[in-house]
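Participant: So I've got this file, input.txt, and it contains compact mmCIF, C-alpha atoms:
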```txt
# COMPACT_ATOMS: atom_id res chain seq x y z
CA MET A 1 113.06 127.22 76.49
CA SER A 2 115.06 129.76 78.42
CA GLU A 3 118.75 129.58 77.64
CA SER A 4 119.67 131.07 81.02
CA ARG A 5 117.72 128.43 82.90
CA TRP A 6 119.34 125.60 80.97
CA SER A 7 122.72 127.23 81.44
CA ARG A 8 122.17 127.29 85.19
CA ARG A 9 121.34 123.60 85.16
CA GLY A 10 123.97 122.63 82.65
CA ARG A 11 126.88 122.43 85.08
CA GLY A 12 127.45 118.72 85.50
CA ILE A 13 123.98 117.64 84.41
CA ALA A 14 124.82 116.73 80.83
CA VAL A 15 127.62 114.40 81.95
CA ALA A 16 125.46 112.82 84.65
CA LEU A 17 122.61 112.30 82.23
CA GLY A 18 124.75 110.78 79.53
CA VAL A 19 126.69 108.38 81.75
CA ALA A 20 123.68 107.26 83.77
CA ALA A 21 121.51 106.87 80.69
CA LEU A 22 124.05 104.54 79.12
CA THR A 23 124.10 102.53 82.34
CA VAL A 24 120.32 102.24 82.42
CA LEU A 25 119.61 101.75 78.73
CA GLY A 26 122.71 99.85 77.67
CA SER A 27 123.50 100.21 73.99
CA VAL A 28 120.03 101.53 73.08
CA THR A 29 120.18 104.94 71.45
CA ALA A 30 117.57 107.43 70.34
CA GLN A 31 117.81 106.02 66.82
CA ALA A 32 117.77 102.34 67.80
CA ALA A 33 114.83 100.20 66.73
CA PRO A 34 112.62 98.87 69.52
CA THR A 35 113.74 95.52 70.87
CA ALA A 36 112.17 92.94 73.16
CA THR A 37 111.92 94.36 76.66
CA PRO A 38 113.60 92.09 79.22
CA GLY A 39 111.05 93.10 81.83
CA THR A 40 108.07 91.85 79.84
CA LEU A 41 106.17 89.01 81.48
CA ALA A 42 105.54 85.78 79.61
CA GLY A 43 102.22 83.99 79.88
CA PRO A 44 99.08 84.37 82.00
CA ASN A 45 100.53 82.36 84.89
CA SER A 46 103.21 85.00 85.42
CA VAL A 47 100.63 87.77 85.43
CA ALA A 48 98.40 85.83 87.82
CA SER A 49 101.31 85.19 90.17
CA LEU A 50 102.28 88.86 90.24
CA ARG A 51 98.67 89.84 90.77
CA ALA A 52 98.64 87.65 93.88
CA GLU A 53 101.84 89.31 95.10
CA VAL A 54 100.21 92.72 94.75
CA GLN A 55 97.15 91.57 96.70
CA HIS A 56 99.32 90.16 99.48
CA GLY A 57 101.88 92.98 99.51
CA THR A 58 104.82 90.72 98.66
CA LEU A 59 105.73 92.12 95.23
CA LEU A 60 109.02 93.62 96.40
CA GLN A 61 110.27 90.40 97.94
CA THR A 62 111.56 89.40 94.51
CA HIS A 63 111.44 92.71 92.64
CA GLY A 64 112.95 96.15 93.07
CA VAL A 65 111.65 99.70 92.95
CA MET A 66 113.01 102.93 91.52
CA ASN A 67 111.88 106.50 91.29
CA ALA A 68 110.68 106.89 87.72
CA CYS A 69 112.34 110.28 87.50
CA ALA A 70 115.72 109.47 89.04
CA THR A 71 117.28 106.91 86.73
CA THR A 72 119.37 109.59 85.06
CA VAL A 73 119.33 112.74 87.18
CA LYS A 74 117.28 113.87 90.16
CA LEU A 75 113.91 115.05 89.01
CA ALA A 76 111.06 116.30 91.14
CA CYS A 77 108.30 113.83 90.32
CA LEU A 78 107.45 111.12 92.81
CA ALA A 79 106.26 108.05 90.86
CA GLU A 80 107.78 104.78 92.12
CA VAL A 81 108.13 102.04 89.48
CA VAL A 82 108.53 98.35 90.30
CA THR A 83 111.55 96.80 88.56
CA THR A 84 112.42 93.30 87.40
CA SER A 85 114.64 92.52 90.41
CA PRO A 86 116.13 94.20 93.49
CA GLY A 87 118.65 96.82 92.39
CA SER A 88 117.50 96.70 88.76
CA LYS A 89 116.69 99.84 86.79
CA LYS A 90 114.50 97.94 84.33
CA ALA A 91 110.77 98.40 84.82
CA LEU A 92 108.71 95.26 85.30
CA SER A 93 106.28 95.41 82.38
CA SER A 94 103.69 93.26 80.68
CA THR A 95 101.16 93.26 77.89
CA THR A 96 98.39 92.55 80.43
CA PRO A 97 97.86 94.61 83.61
CA ALA A 98 98.56 92.84 86.91
CA GLY A 99 98.52 95.72 89.41
CA TYR A 100 95.40 97.21 90.94
CA GLY A 101 93.19 98.69 88.25
CA ALA A 102 90.34 101.17 88.17
CA THR A 103 87.72 98.59 89.14
CA ASP A 104 89.80 97.44 92.12
CA LEU A 105 90.26 101.00 93.37
CA GLU A 106 86.61 101.84 92.94
CA LYS A 107 85.72 98.84 95.08
CA ALA A 108 88.46 99.44 97.66
CA TYR A 109 87.30 103.00 98.32
CA GLY A 110 83.55 102.44 98.25
CA LEU A 111 82.93 104.24 94.95
CA THR A 112 81.06 101.46 93.16
CA GLY A 113 77.59 102.51 92.08
CA ASP A 114 78.03 106.18 93.05
CA SER A 115 78.61 108.12 89.83
CA GLY A 116 78.75 111.47 91.60
CA GLN A 117 79.26 114.62 89.56
CA SER A 118 80.88 115.16 86.17
CA GLY A 119 83.57 117.53 87.39
CA THR A 120 86.90 118.59 85.93
CA ILE A 121 90.29 117.46 87.22
CA ALA A 122 93.47 119.34 86.32
CA ILE A 123 96.81 117.56 86.39
CA ILE A 124 100.09 119.46 86.32
CA ASP A 125 103.15 117.70 84.94
CA ALA A 126 106.26 118.45 82.91
CA GLY A 127 107.35 117.70 79.37
CA ALA A 128 105.81 116.79 76.04
CA TYR A 129 103.87 113.53 75.75
CA PRO A 130 102.36 113.12 72.25
CA THR A 131 100.97 109.62 72.91
CA LEU A 132 99.17 110.58 76.11
CA GLU A 133 95.68 110.49 74.62
CA SER A 134 96.13 107.09 72.99
CA ASP A 135 97.75 105.68 76.16
CA LEU A 136 94.89 106.97 78.27
CA ASP A 137 92.43 105.41 75.84
CA VAL A 138 94.04 101.99 76.38
CA TYR A 139 93.86 102.34 80.17
CA ARG A 140 90.24 103.41 80.20
CA ALA A 141 89.15 100.76 77.70
CA GLN A 142 90.86 98.06 79.77
CA TYR A 143 88.57 98.81 82.72
CA GLY A 144 85.41 99.66 80.84
CA LEU A 145 85.62 103.39 81.53
CA PRO A 146 84.02 105.77 79.00
CA ALA A 147 86.35 107.18 76.38
CA CYS A 148 87.89 110.57 77.18
CA THR A 149 89.19 112.28 74.07
CA SER A 150 90.19 115.72 72.90
CA ALA A 151 87.59 115.56 70.14
CA SER A 152 84.76 115.01 72.63
CA GLY A 153 85.96 117.80 74.90
CA CYS A 154 86.62 115.40 77.77
CA LEU A 155 90.42 115.68 77.52
CA LYS A 156 92.32 118.93 77.15
CA ILE A 157 96.12 118.93 76.81
CA ALA A 158 97.76 122.34 76.97
CA ASP A 159 100.91 124.03 78.13
CA TYR A 160 100.94 125.54 81.60
CA LYS A 161 99.67 128.87 80.31
CA GLY A 162 96.75 127.29 78.45
CA GLY A 163 98.39 127.33 75.02
CA PRO A 164 98.99 124.43 72.62
CA PRO A 165 100.54 121.20 73.96
CA LEU A 166 104.31 121.07 74.14
CA GLN A 167 106.08 119.60 71.14
CA PRO A 168 108.65 116.84 71.64
CA SER A 169 112.27 117.90 71.59
CA THR A 170 115.05 115.90 69.95
CA SER A 171 117.97 117.91 71.32
CA GLY A 172 120.27 117.34 74.28
CA GLU A 173 118.85 115.62 77.31
CA ASP A 174 115.23 116.51 76.54
CA PRO A 175 114.16 113.09 75.17
CA ILE A 176 115.54 111.37 78.27
CA ILE A 177 113.69 113.70 80.62
CA GLU A 178 110.48 113.50 78.59
CA GLU A 179 110.55 109.69 78.67
CA GLU A 180 111.00 109.63 82.44
CA VAL A 181 108.43 112.25 83.38
CA ALA A 182 105.90 110.67 81.00
CA VAL A 183 105.66 107.86 83.56
CA GLU A 184 104.48 110.43 86.09
CA THR A 185 102.06 112.01 83.64
CA SER A 186 100.40 108.79 82.52
CA LEU A 187 100.12 107.63 86.15
CA ASP A 188 98.41 110.88 87.11
CA VAL A 189 95.79 110.80 84.36
CA ASP A 190 95.17 107.07 84.88
CA MET A 191 94.51 107.59 88.59
CA ALA A 192 92.29 110.62 87.96
CA SER A 193 90.32 108.46 85.51
CA ALA A 194 90.01 105.63 88.02
CA ALA A 195 88.65 107.96 90.69
CA CYS A 196 86.21 109.80 88.45
CA PRO A 197 85.42 108.05 85.16
CA ASN A 198 82.85 110.70 84.16
CA CYS A 199 85.07 113.69 84.88
CA LYS A 200 86.85 115.81 82.32
CA ILE A 201 90.65 115.93 82.52
CA ILE A 202 92.93 118.90 81.86
CA GLU A 203 96.61 118.03 81.48
CA LEU A 204 98.83 121.13 81.83
CA GLN A 205 102.41 120.69 80.67
CA LEU A 206 105.31 122.59 82.22
CA PRO A 207 108.63 122.97 80.36
CA ASP A 208 110.63 119.79 80.85
CA GLU A 209 113.39 121.67 82.70
CA ASP A 210 110.87 122.35 85.45
CA ALA A 211 111.15 118.68 86.38
CA LEU A 212 114.79 119.10 87.39
CA ILE A 213 115.95 119.70 90.96
CA GLU A 214 119.21 121.59 91.35
CA GLY A 215 120.35 122.82 94.74
CA SER A 216 117.96 124.55 97.12
CA ASN A 217 116.57 127.23 94.80
CA ALA A 218 113.44 126.18 92.94
CA ASP A 219 112.02 129.64 92.29
CA PRO A 220 111.58 129.34 88.48
CA GLU A 221 110.00 125.89 88.71
CA THR A 222 107.59 126.68 91.52
CA THR A 223 106.62 129.95 89.84
CA ASP A 224 105.60 127.98 86.75
CA PHE A 225 103.56 125.62 88.93
CA GLY A 226 101.75 128.61 90.36
CA THR A 227 100.99 129.84 86.85
CA ALA A 228 99.66 126.39 85.96
CA VAL A 229 97.32 126.32 88.98
CA ASN A 230 95.98 129.74 87.99
CA THR A 231 95.44 128.39 84.47
CA ALA A 232 93.60 125.37 85.86
CA ALA A 233 91.27 127.68 87.78
CA ALA A 234 90.68 129.85 84.71
CA LEU A 235 89.77 126.74 82.70
CA GLY A 236 87.15 125.74 85.26
CA ALA A 237 88.88 122.91 87.11
CA ASN A 238 87.21 121.67 90.27
CA SER A 239 90.38 120.07 91.57
CA VAL A 240 94.07 120.14 90.70
CA SER A 241 96.79 117.62 91.58
CA MET A 242 100.57 118.01 91.71
CA SER A 243 102.72 114.90 92.12
CA TYR A 244 105.96 116.85 92.39
CA GLN A 245 107.99 118.08 95.35
CA TYR A 246 110.57 120.86 95.56
CA PRO A 247 112.81 122.50 98.16
CA THR A 248 110.95 125.24 100.01
CA ASP A 249 111.80 128.65 101.43
CA GLN A 250 109.99 131.89 102.22
CA PHE A 251 109.52 132.77 98.53
CA GLU A 252 107.93 129.40 97.77
CA GLU A 253 105.69 129.65 100.81
CA THR A 254 104.49 133.25 101.01
CA GLY A 255 105.76 134.68 97.74
CA THR A 256 104.22 134.36 94.30
CA PRO A 257 104.42 130.54 93.98
CA GLY A 258 102.72 129.89 97.30
CA LEU A 259 100.02 132.54 96.93
CA ASP A 260 99.20 131.37 93.39
CA LEU A 261 98.11 128.06 94.91
CA PHE A 262 95.49 129.73 97.13
CA HIS A 263 92.17 129.08 95.34
CA PRO A 264 89.06 128.87 97.52
CA GLY A 265 86.42 126.75 95.82
CA MET A 266 88.95 124.58 93.99
CA ALA A 267 90.56 121.58 95.69
CA VAL A 268 94.35 121.96 95.38
CA LEU A 269 96.21 118.76 96.24
CA ALA A 270 99.83 117.63 96.32
CA SER A 271 101.68 114.42 97.13
CA SER A 272 103.10 114.32 100.65
CA GLY A 273 106.34 112.77 99.39
CA ASP A 274 107.90 109.32 99.45
CA GLY A 275 110.70 109.82 101.97
CA GLY A 276 108.89 108.75 105.13
CA TYR A 277 108.89 110.86 108.29
CA GLU A 278 110.84 114.09 107.88
CA GLY A 279 110.63 115.45 111.41
CA ASN A 280 110.60 119.14 112.28
CA THR A 281 111.99 120.26 108.95
CA SER A 282 110.56 121.69 105.77
CA THR A 283 108.52 118.87 104.32
CA GLY A 284 108.60 119.91 100.70
CA TRP A 285 106.68 122.31 98.49
CA PRO A 286 103.77 122.46 97.67
CA SER A 287 102.27 119.89 100.07
CA ASN A 288 103.62 121.93 103.02
CA LEU A 289 101.34 124.89 102.28
CA PRO A 290 98.40 125.32 104.69
CA TRP A 291 95.98 125.89 101.78
CA VAL A 292 97.03 122.74 99.89
CA THR A 293 95.68 119.30 100.78
CA SER A 294 98.63 117.03 101.53
CA VAL A 295 97.91 113.47 100.37
CA GLY A 296 99.77 110.68 102.15
CA GLY A 297 100.04 107.01 101.30
CA THR A 298 99.00 103.56 102.41
CA SER A 299 99.53 99.92 101.57
CA LEU A 300 96.39 98.26 100.17
CA TYR A 301 95.76 94.54 100.70
CA GLU A 302 92.95 92.56 99.11
CA ASN A 303 91.39 90.00 101.43
CA GLN A 304 90.14 86.57 100.41
CA ASN A 305 86.53 87.75 100.64
CA GLY A 306 87.18 90.58 98.18
CA THR A 307 87.33 93.37 100.75
CA PHE A 308 90.38 95.59 101.21
CA THR A 309 92.54 96.60 104.19
CA SER A 310 94.83 99.63 104.39
CA THR A 311 97.90 100.16 106.56
CA ALA A 312 100.27 103.11 106.73
CA TRP A 313 102.96 102.91 104.02
CA ALA A 314 106.54 103.12 105.29
CA GLY A 315 107.45 105.61 102.55
CA ALA A 316 104.59 108.05 103.06
CA GLY A 317 105.85 111.58 103.68
CA SER A 318 104.89 113.31 106.93
CA GLY A 319 106.29 115.86 109.34
CA CYS A 320 106.09 119.47 110.47
CA GLU A 321 106.40 122.65 108.45
CA THR A 322 107.60 124.85 111.29
CA SER A 323 107.78 128.02 109.21
CA LEU A 324 104.05 127.99 108.49
CA PRO A 325 100.82 127.98 110.52
CA ALA A 326 98.49 124.99 110.76
CA ALA A 327 96.68 123.73 107.70
CA ILE A 328 93.42 125.58 107.11
CA GLY A 329 90.76 123.88 109.21
CA GLN A 330 93.21 121.59 110.99
CA PRO A 331 92.15 121.28 114.66
CA ALA A 332 94.52 122.42 117.38
CA ALA A 333 94.55 118.89 118.77
CA ILE A 334 96.32 117.81 115.57
CA SER A 335 98.55 120.82 114.88
CA LYS A 336 99.83 120.71 118.48
CA ASN A 337 101.97 117.76 117.35
CA CYS A 338 103.99 120.38 115.49
CA GLY A 339 103.71 123.18 118.01
CA GLY A 340 100.73 124.70 116.21
CA HIS A 341 102.38 124.56 112.78
CA ARG A 342 101.38 122.82 109.54
CA THR A 343 101.18 119.09 110.22
CA GLY A 344 101.01 116.60 107.34
CA SER A 345 99.43 114.70 105.81
CA ASP A 346 95.67 115.36 105.62
CA ILE A 347 94.20 112.36 103.77
CA SER A 348 95.62 109.29 102.01
CA ALA A 349 95.13 106.46 99.51
CA VAL A 350 97.21 103.62 98.12
CA ALA A 351 100.84 104.52 97.44
CA ASP A 352 102.94 101.48 98.35
CA PRO A 353 104.61 100.00 95.23
CA ASN A 354 104.52 96.66 97.05
CA THR A 355 100.75 96.83 96.45
CA GLY A 356 101.16 98.72 93.20
CA VAL A 357 98.61 100.01 90.72
CA ALA A 358 98.54 99.22 87.01
CA GLN A 359 99.59 101.99 84.65
CA TYR A 360 99.90 102.19 80.86
CA ASP A 361 102.67 104.17 79.14
CA THR A 362 104.23 103.80 75.67
CA TYR A 363 106.11 107.09 75.26
CA ALA A 364 109.79 106.21 74.76
CA PRO A 365 111.46 108.92 72.64
CA TYR A 366 114.94 108.08 73.90
CA SER A 367 115.11 104.33 74.54
CA GLY A 368 112.68 103.14 71.90
CA GLU A 369 111.40 100.62 74.47
CA PRO A 370 107.76 101.33 75.39
CA TYR A 371 106.78 100.11 78.83
CA ASP A 372 103.17 99.09 78.11
CA TRP A 373 101.68 97.98 81.48
CA ILE A 374 103.81 98.57 84.57
CA PHE A 375 103.38 98.56 88.36
CA ASP A 376 103.49 101.92 90.09
CA GLY A 377 103.43 103.38 93.59
CA GLY A 378 104.38 106.52 95.50
CA THR A 379 102.18 109.35 96.65
CA SER A 380 102.02 110.19 92.95
CA VAL A 381 99.27 107.56 92.97
CA SER A 382 97.29 108.92 95.88
CA SER A 383 97.21 112.65 95.06
CA PRO A 384 95.55 112.49 91.60
CA PHE A 385 93.23 109.74 92.85
CA VAL A 386 91.95 111.85 95.74
CA ALA A 387 91.73 114.87 93.42
CA GLY A 388 89.40 112.77 91.29
CA ILE A 389 87.22 111.99 94.30
CA TYR A 390 86.93 115.70 95.14
CA ALA A 391 85.74 116.39 91.59
CA ARG A 392 83.42 113.38 91.65
CA ALA A 393 81.78 114.54 94.89
CA GLY A 394 81.38 118.10 93.65
CA ASN A 395 81.03 119.77 97.05
CA LEU A 396 83.63 122.45 96.50
CA SER A 397 82.07 125.82 97.27
CA GLN A 398 83.42 125.87 100.84
CA VAL A 399 86.76 124.18 100.14
CA ILE A 400 89.92 126.05 101.13
CA GLY A 401 92.76 123.56 101.26
CA PRO A 402 91.89 120.59 103.51
CA ASN A 403 89.39 122.50 105.67
CA THR A 404 86.25 120.52 104.83
CA LEU A 405 88.01 117.20 105.50
CA TYR A 406 88.54 118.26 109.10
CA THR A 407 84.94 119.33 109.64
CA ASP A 408 83.50 116.01 108.44
CA PRO A 409 82.79 113.29 110.99
CA ALA A 410 85.46 110.63 111.42
CA SER A 411 82.99 108.01 110.19
CA ASP A 412 83.21 109.53 106.69
CA PHE A 413 86.71 108.06 106.31
CA THR A 414 88.27 104.65 106.82
CA ASP A 415 90.66 105.05 109.72
CA VAL A 416 94.14 103.59 109.20
CA THR A 417 95.39 102.28 112.53
CA ILE A 418 98.33 100.01 111.65
CA GLY A 419 101.82 100.83 110.37
CA SER A 420 104.47 103.52 110.56
CA ASN A 421 106.71 105.52 108.24
CA THR A 422 109.81 105.46 110.41
CA PRO A 423 111.87 102.47 111.59
CA PRO A 424 111.03 101.20 115.10
CA ASN A 425 112.32 103.36 117.97
CA THR A 426 113.76 106.02 115.65
CA GLY A 427 110.94 108.57 115.56
CA VAL A 428 111.55 111.99 117.03
CA GLY A 429 108.58 113.97 118.29
CA PRO A 430 105.01 112.93 119.09
CA ALA A 431 104.21 109.40 117.91
CA PRO A 432 101.12 110.40 115.84
CA LEU A 433 103.45 112.17 113.41
CA TYR A 434 104.86 108.86 112.20
CA THR A 435 102.78 106.01 113.64
CA ALA A 436 99.26 105.10 112.54
CA GLY A 437 96.63 104.96 115.26
CA LYS A 438 93.06 105.84 116.01
CA GLY A 439 92.12 109.12 114.37
CA TRP A 440 94.56 111.40 112.57
CA ASP A 441 98.19 110.40 112.03
CA GLY A 442 101.00 111.73 109.84
CA PRO A 443 101.40 108.95 107.26
CA SER A 444 97.69 108.55 106.49
CA GLY A 445 96.09 111.76 107.72
CA LEU A 446 92.41 111.33 108.56
CA GLY A 447 92.39 107.99 106.78
CA THR A 448 91.31 106.88 103.31
CA PRO A 449 88.16 107.71 101.33
CA LYS A 450 84.95 105.86 102.18
CA GLY A 451 82.92 106.64 99.11
CA LEU A 452 82.16 110.32 98.58
CA ALA A 453 80.97 110.98 102.12
CA GLY A 454 84.00 112.95 103.31
CA PHE A 455 84.22 115.13 100.22
```
The structure in this file should be written as structure tokens.
Facilitator:
Amino acid sequence: MSESRWSRRGRGIAVALGVAALTVLGSVTAQAAPTATPGTLAGPNSVASLRAEVQHGTLLQTHGVMNACATTVKLACLAEVVTTSPGSKKALSSTTPAGYGATDLEKAYGLTGDSGQSGTIAIIDAGAYPTLESDLDVYRAQYGLPACTSASGCLKIADYKGGPPLQPSTSGEDPIIEEEVAVETSLDVDMASAACPNCKIIELQLPDEDALIEGSNADPETTDFGTAVNTAAALGANSVSMSYQYPTDQFEETGTPGLDLFHPGMAVLASSGDGGYEGNTSTGWPSNLPWVTSVGGTSLYENQNGTFTSTAWAGAGSGCETSLPAAIGQPAAISKNCGGHRTGSDISAVADPNTGVAQYDTYAPYSGEPYDWIFDGGTSVSSPFVAGIYARAGNLSQVIGPNTLYTDPASDFTDVTIGSNTPPNTGVGPAPLYTAGKGWDGPSGLGTPKGLAGF
């Protein structure tokens, strides 16, 4: 770990981490023995009730939500975790999954019975996670997915340069950061598994300090992401997903970090963000890049007849990147909403924590309190899921960013026509940037996957 980089971040961070961690974790210390988790559900009736709340989109009427990576200090990952009550920082967890699982998502997006290709999905995250393989095994076994292990060659865990996996750190704030970003990592690999059960998975680990956001300069972090994407390409990945978002400037966009994400023939995807409509401002790196597919978010409701309905999620990121040209392949009729500039997002899937997905995570090096099954949302759900669909479809030779999505007929996607990601009467600019309607719109892009047809 670079001493200069930690020194740059050290001003004020150690105090903020320590104080906030004590607030969140109470008297639990790194050495404390695991105790009963207050958020754990008791009995099948509780799980069934929460399952119904997920299906109806009422989960947050009695529960809260927090960014998984912001309980101690602002980190760049985007996973949204449902908590025990409004305002709580305690994740709502259980020993049995109650959120949408792999079988639900396969049905919701028309993937049942279509095995597709056995591609390779790369996921880029930060920090060590020594229980990742065993946690992934629990998730996949729960939904009857084939095992994906390092021994079989299905799962590869490496650092961002392709070397050995990161080793856990016991010093300073590292265990706190590793515990928080592990939520992001496990969510990403779970969603990639749900979208493509027969695909291989490459998990590339950035140094844990790359998860931190400090000020407006993210040059070291974004440079490492670029290196990781190059590594993914060298290892034969068909698609790569990034569920992180950083401040952007000219270096991020047209310097080394941005150019390292240009990989024709490999689908490069990033979460559109969870802050709703951002207007005519920089919408966050790397989803703002024209050669990256920006994945927005929806709410996903299960109907009484077992079908599913999607609406635009209020938190889905969208807006204009006015310093860059239109996304590759994006028609002028869409980019005109941003004066010919990059207009996001391009495609979408479930992201609303109110209709959250089930995720399994036991890595707790600081608190000693494994989560087990939790409810998750955010565009951290949608990006790795869509990356899995790209790899499952296998039609990647002509892919450069989102270009092939825009050349497919509209019937290849499920149009999202209800909802908005800005409060009523507050949007600035053309309505399609923040209000769902027929055809493309900012929160949901071209819509949601309808099987493999659009990929």
Participant: Quick one: residues within 12 Å of Gln61 (chain A), only C-alpha atoms counted, chain neighbours fewer than 5 positions away excluded, as a compact mmCIF listing (two decimals) with C-alpha atoms, keeping the file's coordinate frame?
Facilitator:
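Final output, saved to around-v4.txt:
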```
# COMPACT_ATOMS: atom_id res chain seq x y z
CA LEU A 50 102.28 88.86 90.24
CA GLU A 53 101.84 89.31 95.10
CA VAL A 54 100.21 92.72 94.75
CA HIS A 56 99.32 90.16 99.48
CA VAL A 82 108.53 98.35 90.30
CA THR A 83 111.55 96.80 88.56
CA THR A 84 112.42 93.30 87.40
CA SER A 85 114.64 92.52 90.41
CA PRO A 86 116.13 94.20 93.49
CA GLY A 87 118.65 96.82 92.39
CA PRO A 353 104.61 100.00 95.23
CA ASN A 354 104.52 96.66 97.05
CA THR A 355 100.75 96.83 96.45
```
Participant: Out of A:Asn403, A:Thr281, A:Ser444, A:Gln398, which residue has the shortest atom-to-atom distance to Ser310 (chain A) when counting only C-alpha atoms?
Facilitator: A:Ser444
Participant: So which residues touch Ala453 (chain A) within 9 Å, counting only C-alpha atoms, skipping near sequence neighbours fewer than 5 positions away, as a ChimeraX atom specification?
Facilitator: /A:393,408,411-413
Participant: Excluding region 328-343 of chain A and residues on its chain fewer than 3 positions from it, collect all residues at most 12 Å away from it, counting only C-alpha atoms, and give them as number ranges by chain.
Facilitator: A: 253, 262, 264, 272, 277-284, 287-296, 317-325, 346-347, 398-408, 428-434, 439-446
Participant: If the box runs along x, y and z of the file and leaves 3 Å on each side of region 181-188 of chain A, what are its centre and edge lengths in Å, one decimal, as AutoDock Vina command-line options?
Facilitator:
```
--center_x 103.4 --center_y 109.9 --center_z 84.1 --size_x 16.0 --size_y 10.6 --size_z 12.1
```
Participant: When distances are computed from all atoms listed in the file, which of A:Pro423, A:Asn238, A:Ser93, A:Asn217 shows the smallest separation from Gly265 (chain A)?
Facilitator: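 Answer, going by the shortest atom-to-atom distance: A:Asn238.
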Participant: What is the CA of Leu136 (chain A)-CA of Ser171 (chain A) distance in Å, reported with one decimal?
Facilitator: 26.5 Å
Participant: Report the distance between CA of Ala267 (chain A) and CA of Gly315 (chain A) in Å, rounded to one decimal place.
Facilitator: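 Going from CA of Ala267 (chain A) over to CA of Gly315 (chain A) covers 24.2 Å.
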Participant: Find the distance between CA of Tyr160 (chain A) and CA of Ile213 (chain A) and write it in Å to one decimal.
Facilitator: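 Atom-to-atom, CA of Tyr160 (chain A) and CA of Ile213 (chain A) are spaced 18.6 Å apart.
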Participant: From the list A:Thr222, A:Asn67, A:Thr298, A:Ser193, which residue is nearest Ala314 (chain A) when using all atoms listed in the file?
Facilitator: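 Ranked by minimum distance to Ala314 (chain A), first place goes to A:Thr298.
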Participant: Rank nothing, just name the residue among A:Ala326, A:Cys77, A:Leu269, A:Ala316 nearest to Ala391 (chain A), using only C-alpha atoms.
Facilitator: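 Among the listed residues, A:Leu269 lies closest to Ala391 (chain A).
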Participant: Can you tell me, as a ChimeraX atom specification, which residues sit within 9 Å of (108.9, 116.3, 88.9) in the file's frame, using only C-alpha atoms?
Facilitator: /A:69,74-79,125-126,181,184,208,210-213,242-246
Participant: Let me make sure I understand: among A:Ala351, A:Leu261, A:Asn425, A:Gln250, which one has the smallest atom-to-atom distance to Thr448 (chain A) if we use all atoms listed in the file?
Facilitator: A:Ala351
Participant: Using all atoms listed in the file, list the residues that have an atom at most 6 Å from (99.7, 103.0, 100.3), coordinates as in the file, as a list in words.
Facilitator: Gly297, Thr298, Ser299, Leu300, Trp313, Ala349, Val350, Ala351 and Asp352 of chain A
Participant: Could you name the residues that touch region 371-378 of chain A at 7 Å or less, counting only C-alpha atoms, but leaving out those on the same chain fewer than 5 positions away, as a list of chain:residue names?
Facilitator: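 Near neighbours after the sequence-gap exclusion: A:Leu78, A:Ala79, A:Glu80, A:Val81, A:Val82, A:Ala91, A:Leu92, A:Ser93, A:Ser94, A:Thr95, A:Thr96, A:Pro97, A:Gly99, A:Asp274, A:Ala351, A:Asp352, A:Pro353, A:Gly356, A:Val357, A:Ala358, A:Gln359, A:Tyr360, A:Asp361, A:Thr362.
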Participant: Skipping near chain neighbours, those fewer than 5 positions away, what residues fall within 6 Å of Val240 (chain A) using all atoms listed in the file, listed as a ChimeraX atom specification?
Facilitator: /A:121-123,268
Participant: Write out, as a PDB file, keeping the file's coordinate frame, the residues just selected, with C-alpha atoms.
Facilitator:
```pdb
ATOM      1  CA  ILE A 121      90.290 117.460  87.220  1.00  0.00           C
ATOM      2  CA  ALA A 122      93.470 119.340  86.320  1.00  0.00           C
ATOM      3  CA  ILE A 123      96.810 117.560  86.390  1.00  0.00           C
ATOM      4  CA  VAL A 268      94.350 121.960  95.380  1.00  0.00           C
TER       5      VAL A 268
END
```
Participant: Which residue is closest to Gly419 (chain A)? Choose from A:Val381, A:Gly276, A:Pro247, A:Thr58 and count all atoms listed in the file.
Facilitator: A:Gly276
